[in-house]
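**Student:** Okay, so here is protein16.tsv, and as you'll see once you scroll down, it has TSV, C-alpha atoms.
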```
chain	number	residue	atom	x	y	z
U	1	MET	CA	19.90	-92.99	-14.84
U	2	LYS	CA	19.20	-89.34	-14.20
U	3	ARG	CA	15.63	-88.59	-13.31
U	4	ILE	CA	13.73	-85.86	-15.08
U	5	TYR	CA	12.82	-83.19	-12.59
U	6	ASN	CA	9.06	-82.75	-12.53
U	7	TYR	CA	8.89	-79.03	-11.97
U	8	LEU	CA	5.87	-77.70	-10.13
U	9	ILE	CA	4.85	-74.93	-12.52
U	10	ILE	CA	1.40	-73.59	-11.82
U	11	SER	CA	-0.33	-71.78	-14.65
U	12	THR	CA	-1.69	-68.95	-12.56
U	13	LEU	CA	1.77	-68.25	-11.14
U	14	SER	CA	3.27	-68.24	-14.62
U	15	ILE	CA	0.71	-65.68	-15.76
U	16	LEU	CA	1.52	-63.49	-12.78
U	17	LEU	CA	5.26	-63.61	-13.39
U	18	ILE	CA	4.84	-62.68	-17.05
U	19	ALA	CA	2.54	-59.78	-16.22
U	20	CYS	CA	4.15	-58.42	-13.09
U	21	GLY	CA	7.76	-59.47	-13.49
U	22	SER	CA	9.97	-59.72	-10.42
U	23	LYS	CA	8.31	-60.78	-7.17
U	24	GLU	CA	10.55	-58.91	-4.78
U	25	ASN	CA	7.94	-59.28	-2.06
U	26	ALA	CA	7.78	-63.07	-2.01
U	27	SER	CA	8.84	-65.05	1.06
U	28	ARG	CA	12.52	-64.87	1.95
U	29	PRO	CA	14.20	-68.22	2.65
U	30	GLN	CA	16.72	-68.98	5.34
U	31	THR	CA	20.08	-69.39	3.65
U	32	GLY	CA	23.06	-71.51	4.61
U	33	TYR	CA	21.80	-74.70	2.97
U	34	LEU	CA	21.97	-75.74	-0.67
U	35	THR	CA	19.35	-78.22	-1.85
U	36	VAL	CA	20.60	-80.41	-4.69
U	37	PHE	CA	19.62	-83.70	-6.34
U	38	GLY	CA	21.80	-86.57	-7.49
U	39	ASP	CA	22.30	-90.30	-7.06
U	40	ASP	CA	18.53	-90.65	-6.85
U	41	SER	CA	18.46	-88.62	-3.62
U	42	CYS	CA	17.86	-85.11	-2.30
U	43	HIS	CA	20.89	-83.66	-0.51
U	44	CYS	CA	21.17	-80.65	1.77
U	45	ILE	CA	24.77	-79.47	1.70
U	46	SER	CA	26.71	-76.48	3.01
U	47	TYR	CA	28.23	-73.86	0.72
U	48	ASP	CA	31.53	-75.79	0.77
U	49	ASP	CA	29.84	-79.09	-0.18
U	50	THR	CA	29.80	-80.53	3.35
U	51	PRO	CA	26.87	-82.99	3.63
U	52	ILE	CA	24.22	-81.98	6.16
U	53	PHE	CA	21.60	-84.64	5.48
U	54	SER	CA	20.05	-86.60	2.61
U	55	THR	CA	16.51	-87.81	1.96
U	56	ASP	CA	14.78	-89.83	-0.74
U	57	ASN	CA	12.52	-86.94	-1.74
U	58	THR	CA	12.12	-85.97	-5.39
U	59	ASN	CA	11.36	-82.29	-4.80
U	60	ALA	CA	12.03	-79.84	-1.98
U	61	SER	CA	11.72	-76.16	-1.20
U	62	LEU	CA	14.25	-74.09	0.69
U	63	PHE	CA	13.69	-73.51	4.40
U	64	TYR	CA	11.17	-70.95	5.60
U	65	ASN	CA	10.60	-70.59	9.34
U	66	ASP	CA	13.02	-73.57	9.66
U	67	ILE	CA	10.62	-75.75	7.65
U	68	ALA	CA	10.92	-77.05	4.06
U	69	ALA	CA	8.19	-78.60	1.92
U	70	VAL	CA	9.21	-81.97	0.43
U	71	GLN	CA	7.65	-84.36	-2.09
U	72	ASP	CA	7.98	-88.13	-1.88
U	73	ARG	CA	8.19	-90.66	-4.71
U	74	ASP	CA	4.42	-91.09	-4.72
U	75	GLY	CA	3.94	-87.38	-5.38
U	76	LYS	CA	2.69	-86.58	-1.86
U	77	TRP	CA	3.88	-83.54	0.07
U	78	GLY	CA	4.96	-83.03	3.68
U	79	TYR	CA	7.45	-80.99	5.71
U	80	ILE	CA	10.87	-81.48	7.30
U	81	ASN	CA	12.94	-79.42	9.76
U	82	ARG	CA	16.51	-78.19	9.28
U	83	LYS	CA	17.89	-81.49	10.59
U	84	GLY	CA	16.06	-83.40	7.87
U	85	GLU	CA	13.61	-84.85	10.39
U	86	ARG	CA	10.01	-85.38	9.33
U	87	LYS	CA	7.86	-82.62	10.83
U	88	LEU	CA	4.59	-83.36	9.00
U	89	SER	CA	4.25	-86.62	7.07
U	90	THR	CA	3.82	-86.66	3.30
U	91	THR	CA	0.03	-86.90	3.18
U	92	TYR	CA	-0.87	-83.84	1.13
U	93	GLN	CA	-1.79	-83.76	-2.55
U	94	GLN	CA	-0.44	-80.23	-2.79
U	95	ALA	CA	1.37	-77.92	-0.38
U	96	THR	CA	2.96	-74.48	-0.24
U	97	VAL	CA	5.81	-73.29	1.94
U	98	TYR	CA	5.14	-71.59	5.26
U	99	SER	CA	4.77	-67.83	5.28
U	100	GLU	CA	3.73	-65.79	8.30
U	101	GLY	CA	3.20	-69.02	10.23
U	102	LEU	CA	0.78	-70.68	7.79
U	103	ALA	CA	0.98	-72.99	4.77
U	104	TRP	CA	-1.76	-74.01	2.34
U	105	VAL	CA	-2.37	-77.73	1.80
U	106	ILE	CA	-4.87	-80.10	0.22
U	107	LYS	CA	-5.54	-83.68	1.27
U	108	GLN	CA	-7.30	-86.15	-0.98
U	109	GLY	CA	-11.04	-85.51	-0.75
U	110	ASP	CA	-10.69	-82.52	1.60
U	111	MET	CA	-11.09	-78.80	1.14
U	112	PRO	CA	-7.88	-76.77	0.89
U	113	GLY	CA	-6.82	-75.30	4.20
U	114	ALA	CA	-4.17	-73.20	5.90
U	115	ILE	CA	-2.27	-75.13	8.56
U	116	ASN	CA	0.02	-73.98	11.35
U	117	GLU	CA	3.39	-75.59	12.06
U	118	LYS	CA	1.69	-78.36	14.05
U	119	GLY	CA	-0.51	-79.24	11.10
U	120	ASP	CA	-3.69	-77.85	12.66
U	121	ILE	CA	-6.15	-76.39	10.14
U	122	LYS	CA	-6.73	-72.70	10.82
U	123	ILE	CA	-8.60	-71.69	7.66
U	124	SER	CA	-10.71	-73.74	5.25
U	125	LEU	CA	-11.57	-72.60	1.75
U	126	ARG	CA	-14.63	-73.41	-0.36
U	127	ASP	CA	-15.23	-72.79	-4.04
U	128	LYS	CA	-11.80	-71.34	-4.72
U	129	TYR	CA	-9.61	-71.85	-7.78
U	130	ALA	CA	-6.23	-70.87	-6.34
U	131	VAL	CA	-4.62	-69.34	-3.26
U	132	ARG	CA	-1.20	-67.90	-2.48
U	133	VAL	CA	0.73	-67.71	0.78
U	134	PHE	CA	0.17	-64.84	3.20
U	135	MET	CA	2.17	-61.66	2.70
U	136	GLU	CA	1.64	-58.67	5.00
U	137	GLY	CA	-1.41	-60.40	6.50
U	138	ARG	CA	-3.15	-60.94	3.16
U	139	ALA	CA	-3.42	-64.01	0.94
U	140	ALA	CA	-4.43	-63.69	-2.70
U	141	ILE	CA	-7.33	-65.99	-3.62
U	142	ALA	CA	-8.91	-66.72	-6.98
U	143	ILE	CA	-12.38	-67.87	-8.05
U	144	VAL	CA	-13.82	-68.82	-11.42
U	145	LYS	CA	-16.75	-66.68	-12.48
U	146	LYS	CA	-18.31	-67.05	-15.92
U	147	LYS	CA	-15.25	-69.02	-17.04
U	148	GLN	CA	-12.94	-66.19	-15.97
U	149	VAL	CA	-10.38	-66.38	-13.15
U	150	LEU	CA	-10.74	-63.42	-10.77
U	151	TRP	CA	-8.43	-62.53	-7.87
U	152	GLY	CA	-8.99	-60.90	-4.49
U	153	PHE	CA	-7.59	-61.19	-0.94
U	154	ILE	CA	-8.47	-62.73	2.42
U	155	ASN	CA	-7.06	-62.02	5.89
U	156	LYS	CA	-5.74	-64.50	8.45
U	157	ASN	CA	-9.24	-65.11	9.77
U	158	GLY	CA	-10.21	-66.35	6.32
U	159	ASN	CA	-12.44	-63.33	5.76
U	160	GLU	CA	-12.67	-61.85	2.29
U	161	ILE	CA	-11.13	-58.41	2.57
U	162	ILE	CA	-10.94	-57.58	-1.13
U	163	LYS	CA	-13.57	-58.99	-3.46
U	164	PRO	CA	-12.24	-61.15	-6.31
U	165	GLU	CA	-12.60	-58.78	-9.25
U	166	TYR	CA	-9.11	-58.53	-10.73
U	167	LYS	CA	-7.61	-60.52	-13.60
U	168	THR	CA	-4.24	-60.69	-11.84
U	169	VAL	CA	-2.74	-59.39	-8.59
U	170	SER	CA	0.74	-59.24	-7.12
U	171	ASP	CA	1.42	-60.00	-3.47
U	172	TYR	CA	1.55	-57.04	-1.12
U	173	ARG	CA	4.82	-55.19	-0.66
U	174	LEU	CA	5.14	-52.16	1.62
U	175	GLY	CA	1.36	-51.99	1.95
U	176	LEU	CA	0.57	-51.90	-1.78
U	177	ALA	CA	-0.32	-54.56	-4.34
U	178	ALA	CA	-0.32	-54.21	-8.12
U	179	VAL	CA	-3.65	-55.28	-9.64
U	180	GLN	CA	-4.93	-55.74	-13.19
U	181	ASN	CA	-8.56	-54.88	-13.83
U	182	ILE	CA	-10.97	-56.62	-16.21
U	183	GLU	CA	-9.99	-54.24	-19.01
U	184	GLY	CA	-6.35	-55.33	-18.65
U	185	LYS	CA	-5.01	-52.13	-17.06
U	186	TRP	CA	-2.76	-52.09	-13.99
U	187	GLY	CA	-2.87	-49.96	-10.86
U	188	TYR	CA	-2.28	-50.29	-7.11
U	189	ILE	CA	-4.47	-50.96	-4.07
U	190	ASN	CA	-3.73	-50.64	-0.35
U	191	LEU	CA	-4.31	-53.26	2.34
U	192	ASN	CA	-7.97	-52.28	2.59
U	193	GLY	CA	-8.52	-52.69	-1.14
U	194	GLU	CA	-8.74	-48.98	-1.83
U	195	CYS	CA	-7.43	-48.02	-5.26
U	196	VAL	CA	-4.64	-45.55	-4.47
U	197	ILE	CA	-3.18	-45.41	-7.98
U	198	PRO	CA	-5.80	-45.89	-10.74
U	199	CYS	CA	-5.65	-48.81	-13.14
U	200	GLN	CA	-4.15	-47.07	-16.16
U	201	TYR	CA	-0.89	-48.89	-17.00
U	202	GLU	CA	-0.04	-51.62	-19.51
U	203	LYS	CA	2.33	-53.21	-16.97
U	204	ALA	CA	3.19	-52.55	-13.32
U	205	PHE	CA	5.87	-53.88	-10.95
U	206	SER	CA	6.02	-53.85	-7.14
U	207	PHE	CA	7.43	-50.84	-5.32
U	208	ASN	CA	11.07	-51.05	-4.25
U	209	ASP	CA	12.57	-50.06	-0.91
U	210	ASN	CA	12.89	-46.46	-2.09
U	211	GLY	CA	9.15	-46.26	-2.69
U	212	LEU	CA	9.44	-46.26	-6.49
U	213	ALA	CA	7.93	-48.61	-9.08
U	214	ILE	CA	8.40	-49.25	-12.78
U	215	VAL	CA	5.25	-49.04	-14.91
U	216	LYS	CA	4.62	-49.11	-18.64
U	217	ASN	CA	2.18	-46.92	-20.52
U	218	ASP	CA	1.88	-45.86	-24.15
U	219	ASN	CA	4.81	-48.20	-24.93
U	220	ARG	CA	7.12	-46.22	-22.64
U	221	TYR	CA	8.47	-47.10	-19.21
U	222	HIS	CA	8.07	-44.73	-16.29
U	223	LEU	CA	9.30	-44.62	-12.71
U	224	ILE	CA	6.51	-43.52	-10.36
U	225	ASN	CA	6.30	-42.75	-6.65
U	226	ARG	CA	3.68	-44.01	-4.19
U	227	GLU	CA	1.38	-41.14	-5.12
U	228	GLY	CA	1.47	-42.21	-8.76
U	229	SER	CA	3.47	-39.21	-9.94
U	230	ILE	CA	5.96	-39.85	-12.73
U	231	VAL	CA	9.52	-39.34	-11.53
U	232	GLN	CA	11.30	-40.44	-14.73
U	233	THR	CA	10.45	-41.62	-18.24
U	234	HIS	CA	12.65	-43.98	-20.26
U	235	ALA	CA	12.89	-45.02	-23.89
U	236	TYR	CA	14.05	-48.59	-23.29
U	237	ASP	CA	12.27	-51.43	-25.10
U	238	GLU	CA	12.00	-53.30	-21.80
U	239	MET	CA	12.72	-52.63	-18.12
U	240	ILE	CA	12.77	-55.20	-15.32
U	241	PRO	CA	13.42	-54.23	-11.68
U	242	ASP	CA	16.74	-55.39	-10.22
U	243	GLY	CA	16.94	-54.07	-6.67
U	244	LEU	CA	17.30	-50.29	-6.96
U	245	TRP	CA	18.58	-50.74	-10.52
U	246	ALA	CA	16.77	-52.12	-13.55
U	247	ARG	CA	17.75	-54.51	-16.31
U	248	VAL	CA	17.04	-52.84	-19.63
U	249	ARG	CA	16.76	-54.00	-23.21
U	250	ILE	CA	17.29	-52.07	-26.42
U	251	GLU	CA	16.35	-54.21	-29.41
U	252	ASN	CA	17.93	-57.59	-28.54
U	253	GLN	CA	20.69	-56.38	-26.24
U	254	TRP	CA	20.57	-56.23	-22.43
U	255	GLY	CA	22.19	-53.83	-19.98
U	256	TRP	CA	21.35	-51.91	-16.78
U	257	CYS	CA	20.30	-48.46	-15.63
U	258	ASN	CA	20.57	-47.06	-12.10
U	259	GLU	CA	17.87	-45.61	-9.85
U	260	LYS	CA	18.18	-42.28	-11.71
U	261	GLY	CA	17.54	-43.91	-15.04
U	262	GLN	CA	21.12	-43.46	-16.17
U	263	THR	CA	22.65	-46.28	-18.19
U	264	VAL	CA	25.40	-47.85	-16.09
U	265	VAL	CA	26.00	-50.99	-18.16
U	266	SER	CA	25.34	-50.39	-21.84
U	267	PRO	CA	23.03	-52.90	-23.55
U	268	GLN	CA	25.44	-55.36	-25.18
U	269	PHE	CA	24.53	-58.84	-23.94
U	270	THR	CA	22.25	-61.36	-25.64
U	271	ASP	CA	20.72	-62.27	-22.26
U	272	SER	CA	21.17	-61.37	-18.61
U	273	ARG	CA	20.00	-62.18	-15.10
U	274	ALA	CA	19.80	-60.03	-12.01
U	275	TYR	CA	22.49	-58.60	-9.76
U	276	GLY	CA	20.04	-58.69	-6.87
U	277	ASN	CA	22.03	-57.74	-3.77
U	278	ALA	CA	25.32	-58.95	-5.26
U	279	ASP	CA	28.07	-57.11	-7.13
U	280	LEU	CA	28.13	-59.60	-10.00
U	281	ALA	CA	25.45	-60.54	-12.54
U	282	PRO	CA	25.22	-63.40	-15.06
U	283	VAL	CA	25.30	-62.41	-18.73
U	284	LYS	CA	25.17	-64.45	-21.92
U	285	ILE	CA	27.87	-63.84	-24.49
U	286	ARG	CA	28.00	-65.82	-27.74
U	287	GLY	CA	25.97	-68.70	-26.35
U	288	LYS	CA	27.78	-69.11	-23.01
U	289	TRP	CA	27.22	-67.55	-19.59
U	290	GLY	CA	29.75	-65.58	-17.54
U	291	TYR	CA	29.60	-62.79	-14.95
U	292	ILE	CA	30.16	-59.03	-15.01
U	293	ASP	CA	30.73	-56.53	-12.20
U	294	ARG	CA	28.62	-53.39	-11.78
U	295	SER	CA	30.78	-51.47	-14.24
U	296	GLY	CA	29.99	-54.05	-16.94
U	297	LYS	CA	33.46	-55.62	-16.91
U	298	VAL	CA	33.60	-59.39	-17.43
U	299	VAL	CA	35.18	-60.83	-14.28
U	300	ILE	CA	34.23	-64.50	-14.71
U	301	LYS	CA	34.70	-65.57	-18.31
U	302	ARG	CA	31.94	-67.05	-20.42
U	303	GLN	CA	32.05	-70.82	-19.92
U	304	PHE	CA	28.77	-72.06	-18.43
U	305	THR	CA	25.73	-73.69	-20.01
U	306	GLU	CA	23.61	-71.93	-17.35
U	307	ALA	CA	24.49	-69.37	-14.69
U	308	TYR	CA	22.32	-67.93	-11.93
U	309	PRO	CA	22.65	-64.84	-9.71
U	310	PHE	CA	24.66	-64.94	-6.50
U	311	ILE	CA	23.09	-65.59	-3.11
U	312	ASP	CA	25.48	-65.19	-0.16
U	313	ASN	CA	28.50	-65.08	-2.50
U	314	CYS	CA	27.49	-68.42	-4.02
U	315	ALA	CA	26.02	-69.00	-7.50
U	316	ALA	CA	24.54	-72.07	-9.18
U	317	VAL	CA	26.07	-72.89	-12.56
U	318	LYS	CA	25.65	-75.69	-15.06
U	319	THR	CA	28.57	-77.18	-16.94
U	320	GLY	CA	27.49	-79.55	-19.66
U	321	THR	CA	24.68	-81.53	-18.03
U	322	VAL	CA	25.62	-81.24	-14.34
U	323	TRP	CA	25.31	-78.50	-11.73
U	324	GLY	CA	27.68	-77.02	-9.18
U	325	PHE	CA	28.33	-73.74	-7.36
U	326	ILE	CA	31.01	-71.08	-7.70
U	327	ASP	CA	32.28	-68.21	-5.54
U	328	THR	CA	32.71	-64.61	-6.68
U	329	LYS	CA	36.16	-65.42	-8.08
U	330	GLY	CA	34.69	-68.06	-10.35
U	331	CYS	CA	36.19	-70.97	-8.39
U	332	PHE	CA	34.05	-74.04	-7.76
U	333	THR	CA	33.06	-74.40	-4.11
U	334	VAL	CA	30.77	-77.31	-5.04
U	335	ASN	CA	32.09	-79.27	-8.00
U	336	PRO	CA	29.65	-79.83	-10.87
U	337	GLN	CA	28.20	-83.25	-10.10
U	338	TYR	CA	24.47	-82.87	-9.41
U	339	ASP	CA	21.58	-83.68	-11.74
U	340	TYR	CA	19.58	-80.60	-10.79
U	341	ILE	CA	19.18	-77.85	-8.20
U	342	SER	CA	16.06	-77.15	-6.16
U	343	GLN	CA	13.73	-75.14	-8.37
U	344	ASP	CA	12.94	-73.01	-5.34
U	345	TYR	CA	16.62	-72.02	-5.06
U	346	LEU	CA	16.70	-71.02	-8.72
U	347	TYR	CA	13.49	-68.98	-8.37
U	348	GLN	CA	14.90	-67.14	-5.37
U	349	ALA	CA	18.17	-66.48	-7.17
U	350	LEU	CA	16.26	-64.97	-10.09
U	351	GLY	CA	14.27	-62.71	-7.76
U	352	LEU	CA	11.00	-64.50	-8.54
U	353	GLY	CA	10.32	-65.41	-4.93
U	354	CYS	CA	9.31	-68.88	-3.81
U	355	SER	CA	8.38	-71.45	-6.45
U	356	MET	CA	5.96	-73.14	-4.01
U	357	SER	CA	3.86	-70.18	-2.94
U	358	THR	CA	0.70	-70.93	-4.93
U	359	LEU	CA	-1.86	-73.69	-4.49
U	360	GLN	CA	-4.05	-74.38	-7.51
U	361	ILE	CA	-7.23	-76.12	-6.46
U	362	LYS	CA	-8.31	-78.85	-8.86
```
Would you mind giving the structure from this file in structure tokens?

**Tutor:**
Amino acid sequence: MKRIYNYLIISTLSILLIACGSKENASRPQTGYLTVFGDDSCHCISYDDTPIFSTDNTNASLFYNDIAAVQDRDGKWGYINRKGERKLSTTYQQATVYSEGLAWVIKQGDMPGAINEKGDIKISLRDKYAVRVFMEGRAAIAIVKKKQVLWGFINKNGNEIIKPEYKTVSDYRLGLAAVQNIEGKWGYINLNGECVIPCQYEKAFSFNDNGLAIVKNDNRYHLINREGSIVQTHAYDEMIPDGLWARVRIENQWGWCNEKGQTVVSPQFTDSRAYGNADLAPVKIRGKWGYIDRSGKVVIKRQFTEAYPFIDNCAAVKTGTVWGFIDTKGCFTVNPQYDYISQDYLYQALGLGCSMSTLQIK
């Protein structure tokens, strides 16, 4: 009997993803392994379906710093190395992946703490509601004050660098973090917490590698630079960053515009997912998923129940009720046979970063 995958969806993370959109700045995994589940086991396989190792875990992240977080059948978390060997035993109630040499964990009856790769506690937290992994030397932390969740940041010494006073924050990327103030407006702060772009937007995304960010104000989308000056204004109903491009929606149809705001794939699809760094993107046409190239031409016909963006010329697809992987020609490199794919892999494919980067403290 196929097991139902108990996804680790944390409410604070969900709120962040809805408000901020793509988390381009989240931890980057080490690729080369595919983490899949079937036959009541977790399997790490190569891109051509060669077995690497199997475990009896029910949940697993991808590898970060050669370490993956895994969950056993009792719901406890630990860590394994790239050979599948136990690195830290499954003794934690909750655990994040490693980022910048530290992971957040909670043991039964203990305070949450940041541990190094040996399992030594380097930071302990008191009276916190949630914490995220370190990015650019800062970890977002949340407290509850007057029944409201407020976010700030600490450094690697555990010192509060930015007071928890924001409704939501993104992780840092290129020295800036998007923050939402109590009034619900978005702006940007630097690593010292100084407000460099005032909180004035309805929505704000992280800056891309060209130093530009998509923001929304007065029901219009704008492209701004790091000084907050508007570079372009667009009339799309919705814009979501996709590398240097953006996915765009007009009414109920999806397409893409380039970094100059020019439409490169006209909105014509009922749903879409990112190109990312690939030359193909999944699109939904009449209830089935296929893939288009960057000119908008369908190159892999609509046939899948689900289809995810390419990572290293490999994409996860679902046919009926089982999962497999295809190459850029649409040929199966891993035949559809698995019950589910690591949620962390799917998050990374979607550009949402790591699915196990937040610890909610109960």

**Student:** U:Thr321, U:Ser170, U:Thr358, U:Ser27: which is nearest Ile341 of chain U, counting all atoms listed in the file?

**Tutor:** U:Thr321

**Student:** Hey, can I get the axis-aligned box for segment 181-198 of chain U? All listed atoms, 4 Å padding on each side, centre and edge lengths in Å to one decimal, as lines of an AutoDock Vina configuration file.

**Tutor:**
```
center_x = -6.6
center_y = -51.0
center_z = -8.2
size_x = 16.7
size_y = 19.2
size_z = 29.6
```

**Student:** Atom CA of Gln93 of chain U and atom CA of Lys128 of chain U, how far apart in Å?

**Tutor:**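 Atom CA of Gln93 of chain U lies 16.1 Å from atom CA of Lys128 of chain U.
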
**Student:** Looking at U:Gln200, U:Asn258, U:Gln343, U:Thr319, which one is nearest to Met239 of chain U, with distances taken over all atoms listed in the file?

**Tutor:**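 The shortest atom-to-atom distance to Met239 of chain U comes from U:Asn258.
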
**Student:** Counting all atoms listed in the file, I want the residues whose atoms come within 7 Å of (-9.4, -65.3, -9.4) in the file frame, returned as a VMD selection string.

**Tutor:** chain U and resid 129 141 to 144 149 to 152 164 166 to 167

**Student:** Those selected residues, please, written with C-alpha atoms and delivered as a short mmCIF file (atom, residue, chain, number, x, y, z; two decimals), keeping the file's coordinate frame.

**Tutor:**
```cif
data_model
loop_
_atom_site.label_atom_id
_atom_site.label_comp_id
_atom_site.auth_asym_id
_atom_site.auth_seq_id
_atom_site.Cartn_x
_atom_site.Cartn_y
_atom_site.Cartn_z
CA TYR U 129 -9.61 -71.85 -7.78
CA ILE U 141 -7.33 -65.99 -3.62
CA ALA U 142 -8.91 -66.72 -6.98
CA ILE U 143 -12.38 -67.87 -8.05
CA VAL U 144 -13.82 -68.82 -11.42
CA VAL U 149 -10.38 -66.38 -13.15
CA LEU U 150 -10.74 -63.42 -10.77
CA TRP U 151 -8.43 -62.53 -7.87
CA GLY U 152 -8.99 -60.90 -4.49
CA PRO U 164 -12.24 -61.15 -6.31
CA TYR U 166 -9.11 -58.53 -10.73
CA LYS U 167 -7.61 -60.52 -13.60
#
```

**Student:** Need to verify the contact set: Leu223 of chain U, 9 Å, all atoms listed in the file, exclusion of same-chain residues closer than 3 positions in sequence. Can you return it as an MDAnalysis selection string?

**Tutor:** chainID U and resid 212:216 229:234 261

**Student:** Closest to Gly32 of chain U among U:Asn313, U:Thr328, U:Asn57, U:Gln253, using all atoms listed in the file?

**Tutor:**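 Closest candidate: U:Asn313.
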
**Student:** Between U:Tyr236, U:Tyr347, U:Tyr338, U:Phe63, which has the minimum distance to His43 of chain U (counting all atoms listed in the file)?

**Tutor:**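 The answer is U:Tyr338, which sits nearest to His43 of chain U.
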
**Student:** Skip Gly255 of chain U itself and residues of its chain fewer than 2 positions away, then list as a ChimeraX atom specification all residues within 9 Å of it, counting all atoms listed in the file.

**Tutor:** /U:246-250,253,257,263-269,271-272,296

**Student:** To one decimal in Å, tell me the separation between atom CA of Lys185 of chain U and atom CA of Glu259 of chain U.

**Tutor:** 24.9 Å

**Student:** Interatomic distance between atom CA of Ile121 of chain U and atom CA of Leu102 of chain U?

**Tutor:**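 Atom-to-atom, atom CA of Ile121 of chain U and atom CA of Leu102 of chain U are spaced 9.3 Å apart.
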
**Student:** Give me, as a count of residues only, all polymer residues having an atom no more than 8 Å from segment 277-281 of chain U, counting all atoms listed in the file and skipping those fewer than 4 positions away in the same chain.

**Tutor:** 12

**Student:** Can you pull out the residues contacting Val334 of chain U? Cut-off 12 Å, using all atoms listed in the file, and skip same-chain residues under 5 positions away; I want them as a PyMOL selection string.

**Tutor:** chain U and resi 34-36+45-51+314-318+322-327

**Student:** Any idea what's packed within 9 Å of Phe134 of chain U, counting all atoms listed in the file, ignoring anything in its chain fewer than 4 positions away? Could you give it as a list in words?

**Tutor:** Ser27, Tyr98, Ser99, Glu100, Gly101, Leu102, Ala103, Arg138, Ala139, Ala140, Ile154, Asn155, Lys156, Asp171 and Ser357 of chain U

**Student:** Would you put the residues from that selection into a file with C-alpha atoms, as a short mmCIF file (atom, residue, chain, number, x, y, z; two decimals), keeping the file's coordinate frame?

**Tutor:**
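And here's part.cif as it stands now:
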```cif
data_model
loop_
_atom_site.label_atom_id
_atom_site.label_comp_id
_atom_site.auth_asym_id
_atom_site.auth_seq_id
_atom_site.Cartn_x
_atom_site.Cartn_y
_atom_site.Cartn_z
CA SER U 27 8.84 -65.05 1.06
CA TYR U 98 5.14 -71.59 5.26
CA SER U 99 4.77 -67.83 5.28
CA GLU U 100 3.73 -65.79 8.30
CA GLY U 101 3.20 -69.02 10.23
CA LEU U 102 0.78 -70.68 7.79
CA ALA U 103 0.98 -72.99 4.77
CA ARG U 138 -3.15 -60.94 3.16
CA ALA U 139 -3.42 -64.01 0.94
CA ALA U 140 -4.43 -63.69 -2.70
CA ILE U 154 -8.47 -62.73 2.42
CA ASN U 155 -7.06 -62.02 5.89
CA LYS U 156 -5.74 -64.50 8.45
CA ASP U 171 1.42 -60.00 -3.47
CA SER U 357 3.86 -70.18 -2.94
#
```

**Student:** Counting all atoms listed in the file, figure out which residue out of U:Ala235, U:Leu191, U:Tyr172, U:Asn181 gets nearest to Phe207 of chain U.

**Tutor:**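 Among the listed residues, U:Tyr172 lies closest to Phe207 of chain U.
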
**Student:** Of the candidates U:Leu62, U:Ala130, U:Val298, U:Ile182, which shows the shortest atom-to-atom distance to Ala349 of chain U, using all atoms listed in the file?

**Tutor:** U:Leu62
